[in-house]
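Listing of data_20.cif; format and content: mmCIF, C-alpha atoms and all ligand atoms.
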```cif
data_data
loop_
_atom_site.label_atom_id
_atom_site.label_comp_id
_atom_site.auth_asym_id
_atom_site.auth_seq_id
_atom_site.Cartn_x
_atom_site.Cartn_y
_atom_site.Cartn_z
CA MET A 1 73.75 70.61 96.52
CA ASP A 2 76.94 70.81 94.52
CA ASN A 3 80.37 70.11 95.99
CA ARG A 4 82.37 71.17 92.94
CA PRO A 5 84.68 74.18 93.42
CA ILE A 6 84.06 77.80 92.49
CA GLY A 7 86.51 79.07 89.84
CA VAL A 8 87.82 82.61 90.41
CA PHE A 9 90.23 84.33 88.06
CA ASP A 10 92.12 87.55 87.48
CA SER A 11 95.27 88.79 85.79
CA GLY A 12 97.06 88.62 89.15
CA VAL A 13 96.44 88.97 92.87
CA GLY A 14 93.52 91.41 92.46
CA GLY A 15 90.88 88.70 92.29
CA LEU A 16 91.84 87.69 95.82
CA THR A 17 89.68 90.62 96.93
CA ALA A 18 86.71 88.63 95.58
CA LEU A 19 88.05 85.31 96.86
CA ARG A 20 88.39 86.65 100.40
CA GLU A 21 84.75 87.79 100.38
CA ILE A 22 83.54 84.50 98.90
CA LYS A 23 85.45 82.59 101.58
CA ALA A 24 83.88 84.75 104.30
CA LEU A 25 80.34 84.37 102.96
CA LEU A 26 80.62 80.75 101.84
CA PRO A 27 83.19 79.08 104.11
CA HIS A 28 82.32 75.52 103.03
CA GLU A 29 83.05 76.08 99.35
CA ASP A 30 86.21 74.85 97.63
CA ILE A 31 87.75 77.53 95.41
CA VAL A 32 90.20 77.24 92.53
CA TYR A 33 91.93 80.57 91.96
CA PHE A 34 93.86 81.52 88.85
CA GLY A 35 96.09 84.62 88.57
CA ASP A 36 97.78 85.24 85.23
CA THR A 37 100.77 86.98 86.83
CA GLY A 38 103.12 86.04 84.00
CA ARG A 39 101.10 88.08 81.48
CA LEU A 40 99.79 90.92 83.62
CA PRO A 41 98.86 93.76 83.33
CA TYR A 42 95.79 93.11 81.20
CA GLY A 43 94.55 96.69 81.49
CA SER A 44 96.83 98.01 78.76
CA LYS A 45 96.41 95.06 76.36
CA SER A 46 94.23 94.90 73.27
CA ARG A 47 90.68 93.57 73.42
CA ASP A 48 91.57 90.50 71.31
CA THR A 49 94.47 89.59 73.59
CA ILE A 50 92.37 89.94 76.74
CA ILE A 51 89.64 87.74 75.25
CA ARG A 52 92.18 85.10 74.16
CA PHE A 53 93.83 85.03 77.59
CA ALA A 54 90.45 84.88 79.36
CA GLN A 55 89.35 81.95 77.19
CA GLN A 56 92.53 80.03 78.02
CA ILE A 57 91.94 80.59 81.72
CA ILE A 58 88.30 79.58 81.44
CA ARG A 59 89.31 76.33 79.70
CA PHE A 60 91.80 75.64 82.48
CA LEU A 61 89.24 76.25 85.22
CA LEU A 62 86.63 74.12 83.45
CA SER A 63 89.21 71.32 83.39
CA LYS A 64 89.18 71.62 87.20
CA ASP A 65 85.43 70.91 87.10
CA VAL A 66 84.29 74.24 88.55
CA LYS A 67 80.55 74.75 89.04
CA ILE A 68 80.65 78.50 88.44
CA LEU A 69 83.14 80.98 86.97
CA VAL A 70 83.87 84.36 88.56
CA ALA A 71 85.87 86.80 86.45
CA ALA A 72 87.22 88.70 89.44
CA CYS A 73 88.81 91.24 87.13
CA GLY A 74 87.27 94.50 85.97
CA THR A 75 89.22 94.41 82.74
CA ILE A 76 88.12 90.91 81.72
CA SER A 77 84.55 91.54 82.92
CA SER A 78 84.32 94.70 80.85
CA THR A 79 85.86 93.10 77.76
CA LEU A 80 84.60 89.52 77.45
CA PRO A 81 81.71 89.58 74.97
CA ALA A 82 78.32 88.36 76.16
CA ALA A 83 78.43 85.85 73.28
CA VAL A 84 81.33 84.13 75.05
CA SER A 85 80.15 84.37 78.66
CA GLU A 86 76.57 83.34 77.85
CA ASN A 87 77.66 80.20 76.04
CA LEU A 88 79.75 78.72 78.81
CA PRO A 89 78.74 75.34 80.24
CA VAL A 90 78.59 76.79 83.78
CA PRO A 91 77.20 80.08 85.14
CA TYR A 92 79.51 83.08 84.75
CA PHE A 93 79.78 86.21 86.89
CA GLY A 94 81.75 89.37 86.14
CA VAL A 95 82.30 92.26 88.55
CA VAL A 96 80.91 95.18 86.52
CA GLU A 97 77.16 94.71 87.05
CA PRO A 98 77.35 93.92 90.78
CA ALA A 99 79.54 97.00 91.36
CA ALA A 100 77.30 99.25 89.24
CA GLN A 101 74.19 98.04 91.07
CA ALA A 102 75.76 98.75 94.46
CA ALA A 103 76.95 102.22 93.39
CA CYS A 104 73.50 103.10 92.06
CA ALA A 105 71.90 101.97 95.30
CA LEU A 106 74.37 103.95 97.41
CA SER A 107 74.72 107.24 95.55
CA GLN A 108 72.53 110.10 96.76
CA ASN A 109 73.65 112.81 94.35
CA GLU A 110 73.95 110.58 91.23
CA ARG A 111 77.57 111.64 90.75
CA ILE A 112 79.57 108.42 90.65
CA GLY A 113 83.32 108.05 90.14
CA VAL A 114 85.00 105.01 88.61
CA ILE A 115 88.69 104.26 88.90
CA ALA A 116 89.89 101.31 86.83
CA THR A 117 92.40 100.19 84.23
CA LYS A 118 92.79 102.05 80.93
CA THR A 119 90.85 99.34 79.11
CA SER A 120 87.90 99.40 81.51
CA ILE A 121 87.72 103.20 81.44
CA ARG A 122 87.97 103.30 77.64
CA ASN A 123 85.27 100.72 77.05
CA ASN A 124 83.02 102.49 79.59
CA ALA A 125 81.44 99.23 80.77
CA TYR A 126 80.84 100.62 84.27
CA GLY A 127 79.29 103.80 82.84
CA ARG A 128 76.95 101.78 80.63
CA ALA A 129 75.94 99.48 83.49
CA ILE A 130 75.25 102.50 85.73
CA HIS A 131 73.17 104.24 83.06
CA THR A 132 70.99 101.16 82.57
CA ILE A 133 69.94 101.52 86.19
CA ARG A 134 70.18 105.30 86.65
CA PRO A 135 70.02 107.00 83.25
CA LYS A 136 70.58 110.47 84.70
CA ALA A 137 73.66 109.64 86.75
CA ARG A 138 76.88 111.49 85.94
CA VAL A 139 79.83 109.08 85.75
CA PHE A 140 83.42 110.30 86.08
CA GLY A 141 86.08 107.81 85.05
CA CYS A 142 89.77 107.89 85.81
CA ALA A 143 92.31 105.33 84.61
CA CYS A 144 94.98 104.49 87.20
CA PRO A 145 97.50 102.30 85.33
CA LEU A 146 100.20 102.42 88.00
CA LEU A 147 98.05 100.87 90.72
CA VAL A 148 98.14 97.27 89.44
CA PRO A 149 101.98 97.01 89.34
CA LEU A 150 102.07 98.76 92.70
CA VAL A 151 99.81 96.18 94.33
CA GLU A 152 101.55 93.27 92.60
CA ASP A 153 104.81 94.59 94.02
CA ASN A 154 103.33 94.42 97.52
CA HIS A 155 102.93 98.15 98.22
CA ILE A 156 99.68 97.54 100.05
CA ALA A 157 100.46 98.64 103.60
CA GLY A 158 98.34 101.60 104.75
CA ASP A 159 101.43 103.70 105.44
CA ASP A 160 103.27 102.86 102.21
CA PRO A 161 104.58 106.25 101.00
CA ILE A 162 104.72 105.32 97.30
CA ALA A 163 101.17 103.97 97.31
CA ARG A 164 99.91 107.06 99.13
CA MET A 165 101.60 109.38 96.67
CA ILE A 166 100.33 107.60 93.55
CA VAL A 167 96.77 107.21 94.86
CA SER A 168 96.64 110.88 95.73
CA TYR A 169 98.01 111.80 92.28
CA TYR A 170 95.17 109.93 90.55
CA LEU A 171 92.34 110.91 92.88
CA GLU A 172 93.15 114.60 92.39
CA ASN A 173 91.43 114.19 88.99
CA LEU A 174 88.14 113.34 90.68
CA ARG A 175 88.14 116.11 93.28
CA PRO A 176 86.36 118.77 91.16
CA HIS A 177 83.44 116.46 90.37
CA ASP A 178 81.74 116.27 93.77
CA ILE A 179 81.23 112.50 93.60
CA ASP A 180 79.62 110.82 96.60
CA THR A 181 80.37 107.23 95.50
CA LEU A 182 83.48 105.69 93.94
CA ILE A 183 83.69 102.28 92.27
CA LEU A 184 87.10 100.69 92.75
CA GLY A 185 86.65 99.25 89.27
CA CYS A 186 89.79 97.14 89.18
CA THR A 187 89.87 94.31 91.69
CA HIS A 188 93.43 95.16 92.70
CA TYR A 189 92.33 98.52 94.10
CA PRO A 190 90.48 97.33 97.24
CA MET A 191 93.91 96.24 98.49
CA LEU A 192 94.52 100.00 98.75
CA TYR A 193 91.11 100.61 100.35
CA ASP A 194 92.35 102.44 103.46
CA ILE A 195 94.69 104.69 101.51
CA ILE A 196 91.95 105.58 99.01
CA ASN A 197 89.46 106.22 101.79
CA GLU A 198 91.87 108.44 103.69
CA THR A 199 92.90 110.33 100.56
CA LEU A 200 89.22 111.17 99.95
CA ASP A 201 88.87 112.30 103.58
CA TYR A 202 86.37 109.48 104.22
CA SER A 203 83.76 111.61 102.42
CA VAL A 204 83.04 109.24 99.50
CA THR A 205 81.40 105.80 99.70
CA LEU A 206 83.72 103.19 98.18
CA VAL A 207 82.36 100.24 96.24
CA ASP A 208 84.45 97.08 96.24
CA PRO A 209 83.51 95.02 93.15
CA GLY A 210 84.85 91.78 94.65
CA ARG A 211 82.63 92.13 97.71
CA GLU A 212 79.53 92.93 95.64
CA THR A 213 80.20 90.03 93.29
CA ALA A 214 80.70 87.64 96.20
CA ARG A 215 77.24 88.60 97.46
CA CYS A 216 75.75 87.88 94.03
CA VAL A 217 77.51 84.50 93.93
CA GLN A 218 76.14 83.64 97.37
CA THR A 219 72.60 84.57 96.34
CA PHE A 220 72.87 82.65 93.08
CA LEU A 221 74.25 79.43 94.59
CA THR A 222 71.68 79.56 97.39
CA MET A 223 68.75 80.17 95.04
CA HIS A 224 69.83 77.41 92.66
CA GLY A 225 70.54 74.80 95.34
CA MET A 226 74.20 74.76 94.31
CA LEU A 227 75.88 75.29 97.68
CA SER A 228 78.41 72.76 98.91
CA ALA A 229 76.95 70.14 101.23
CA ARG A 230 80.25 69.84 103.08
CA GLU A 231 80.38 70.61 106.78
CA GLU A 232 84.12 71.23 107.07
CA ARG A 233 85.81 74.36 105.74
CA GLY A 234 86.40 74.47 102.00
CA LYS A 235 89.88 74.26 100.49
CA CYS A 236 91.47 76.80 98.17
CA SER A 237 94.03 76.04 95.51
CA TYR A 238 95.93 78.79 93.74
CA TYR A 239 97.46 78.69 90.27
CA MET A 240 99.57 81.41 88.73
CA THR A 241 101.70 81.83 85.61
CA ASP A 242 104.71 83.47 87.29
CA SER A 243 106.61 82.87 90.52
CA ALA A 244 104.43 81.33 93.21
CA GLU A 245 106.70 82.94 95.78
CA ASP A 246 105.90 86.49 94.67
CA PHE A 247 102.20 85.73 94.44
CA CYS A 248 102.20 84.18 97.90
CA SER A 249 103.97 87.07 99.55
CA VAL A 250 101.16 89.50 98.60
CA ALA A 251 98.42 86.90 99.03
CA SER A 252 99.58 85.81 102.46
CA ILE A 253 99.51 89.39 103.76
CA PHE A 254 96.16 90.19 102.19
CA LEU A 255 94.48 86.92 103.24
CA SER A 256 96.31 86.74 106.60
CA ASP A 257 97.08 83.15 105.74
CA ASP A 258 100.15 81.25 104.55
CA ILE A 259 98.99 79.80 101.22
CA ARG A 260 102.37 78.50 99.97
CA LYS A 261 101.50 74.80 100.14
CA ASP A 262 98.37 75.39 98.05
CA ALA A 263 100.02 77.52 95.34
CA ARG A 264 101.46 76.26 92.02
CA GLN A 265 103.01 77.97 89.06
CA ILE A 266 101.74 76.61 85.75
CA ASP A 267 102.29 77.23 82.07
CA ILE A 268 98.91 77.94 80.56
CA THR A 269 100.06 78.98 77.09
CA GLU A 270 101.62 75.77 75.88
CA SER A 271 99.94 73.09 77.87
CA GLU A 272 96.70 74.80 78.86
CA GLY A 273 97.47 74.47 82.52
CA LYS A 274 99.73 71.45 82.73
CA GLU A 275 101.99 71.66 85.75
CA PRO A 276 105.72 71.74 84.84
CA SER A 277 107.44 68.41 85.48
N1 LIG B 301 92.44 93.12 88.57
C1 LIG B 301 92.41 93.53 87.18
C2 LIG B 301 91.17 94.37 86.96
O1 LIG B 301 90.26 94.25 87.74
C3 LIG B 301 93.71 94.14 86.79
C4 LIG B 301 93.91 94.24 85.32
C5 LIG B 301 95.33 94.37 84.86
O2 LIG B 301 96.04 93.37 84.90
O3 LIG B 301 95.70 95.46 84.39
O4 LIG B 301 91.03 95.10 86.02
#
```

How does this structure look as structure tokens?
Amino acid sequence: MDNRPIGVFDSGVGGLTALREIKALLPHEDIVYFGDTGRLPYGSKSRDTIIRFAQQIIRFLLSKDVKILVAACGTISSTLPAAVSENLPVPYFGVVEPAAQAACALSQNERIGVIATKTSIRNNAYGRAIHTIRPKARVFGCACPLLVPLVEDNHIAGDDPIARMIVSYYLENLRPHDIDTLILGCTHYPMLYDIINETLDYSVTLVDPGRETARCVQTFLTMHGMLSAREERGKCSYYMTDSAEDFCSVASIFLSDDIRKDARQIDITESEGKEPS
């Protein structure tokens, strides 16, 4: 057994879609969450910048003595080189492989859509992961750069007119391709799950990368005897690099929980995670 926390990170609130699933599956685990809200969006940044930011976050989370790292971010997962993730002192999970595996298992017609950030669509990590499992699958990617700022700005209600309009604008690109499965390849997007589902007339199976990754984490910790031995519910602490208030207003709605007392803004660039005095 291992009572150390699970480290979950993203550029912003998107990784909470993974955190919520981990909490549901593994309620006794402590979780340290990091959202780099001060430097988001990552999806339009260069590969070198994304890797540098991810390494800073990983160092911060390791300083919190995490037992496992979950890059709950499609952009980081699709960018961080294996040479970095494989050489970490604790096990590392990204969201690309779990999402690709689920999509391959679910698709009947082998026509799979992927919506994600520009970076994730350009580097085709989801497409490559899908083709390893199903070489004949057709993969149709669509970058949706406006969705991350939209979610960060709390436009996540099912009847939000701006969110509905922008989602429909992007999904129009996928209509001609007759996909039966769609990977929500950026972890922010499951916060718009109902809108996306409705826009596609409920005719496409949606894959939530956070949920699939949470299942992999559960299996891994169980198989390796690394679950927490605690009997009470685990605690979550949240760190972010911009206003805790803004982060908490989205997080509290999405998690149906007031997380303000557990949230802290930190400066990761200068002090590698030292809390401001
Ligand atoms: N949640 C991140 C992802 O999964 C968003 C990236 C961004 O900040 O653009 O890709």

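For the atom pair formed by CA of Lys235 in chain A and CA of Asp2 in chain A, the distance is 14.7 Å, given to one decimal.
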
Practice item. Please give me, as a ChimeraX atom specification, the residues lying within 10 Å of ligand LIG 301 (chain B) when counting only C-alpha atoms and all ligand atoms. Key: /A:9-17,35-37,39-45,50,71-79,94-96,115-121,144-149,151-152,184-190,209-210

Practice item. Select, counting all atoms listed in the file, all protein, DNA and RNA residues no farther than 10 Å from (87.4, 110.4, 94.7) in file coordinates, and express the selection as JSON, numbers by chain. Key: {"A": [112, 113, 114, 115, 140, 142, 167, 168, 170, 171, 172, 173, 174, 175, 176, 177, 178, 179, 180, 181, 182, 183, 184, 196, 197, 199, 200, 201, 202, 203, 204, 205, 206]}

Point to revise | Expected answer as a ChimeraX atom specification: all residues with atoms within 6 Å of (104.1, 78.4, 83.7), all atoms listed in the file | key: /A:241,265-267

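For the pair CA of Gly7 in chain A and CA of Met191 in chain A, the interatomic distance is 20.6 Å.
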
Point to revise | Atomic separation - CA of Ala103 in chain A relative to CA of Pro27 in chain A, Å | key: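 It comes out at 26.3 Å.
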
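Remark: for Arg111 in chain A, the closest of the candidate residues A:Ala99, A:Val84, A:Ala137, A:Leu192 is A:Ala137 (distances computed over all atoms listed in the file).
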
Review point. Using all atoms listed in the file, which of A:Pro135, A:Pro81, A:Gly158, A:Pro5 sits nearest Tyr33 in chain A?
Key: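 Answer, going by the shortest atom-to-atom distance: A:Pro5.
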
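Residues with any atom within 8 Å of Asp30 in chain A, counting only C-alpha atoms and excluding same-chain neighbours fewer than 5 positions away, are Asn3, Arg4, Pro5, Ile6, Gly234, Lys235 and Cys236 of chain A.
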
Practice item. Name all residues at most 12 Å from Tyr92 in chain A (count all atoms listed in the file; drop same-chain ones fewer than 3 positions away) and give them as a ChimeraX atom specification. Key: /A:6-9,58,61-62,66-72,77,80-89,95,213,216-217,220-221

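Comparing the minimum interatomic distances between Arg233 in chain A and each of A:Arg164, A:Arg52, A:Arg20, A:His28, counting only C-alpha atoms, we find that A:His28 sits nearest.
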
Point to revise | Residue among A:Gln218, A:Asn109, A:Thr132, A:Ser63 lying closest to Ala24 in chain A, counting only C-alpha atoms | key: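 Answer, going by the shortest atom-to-atom distance: A:Gln218.
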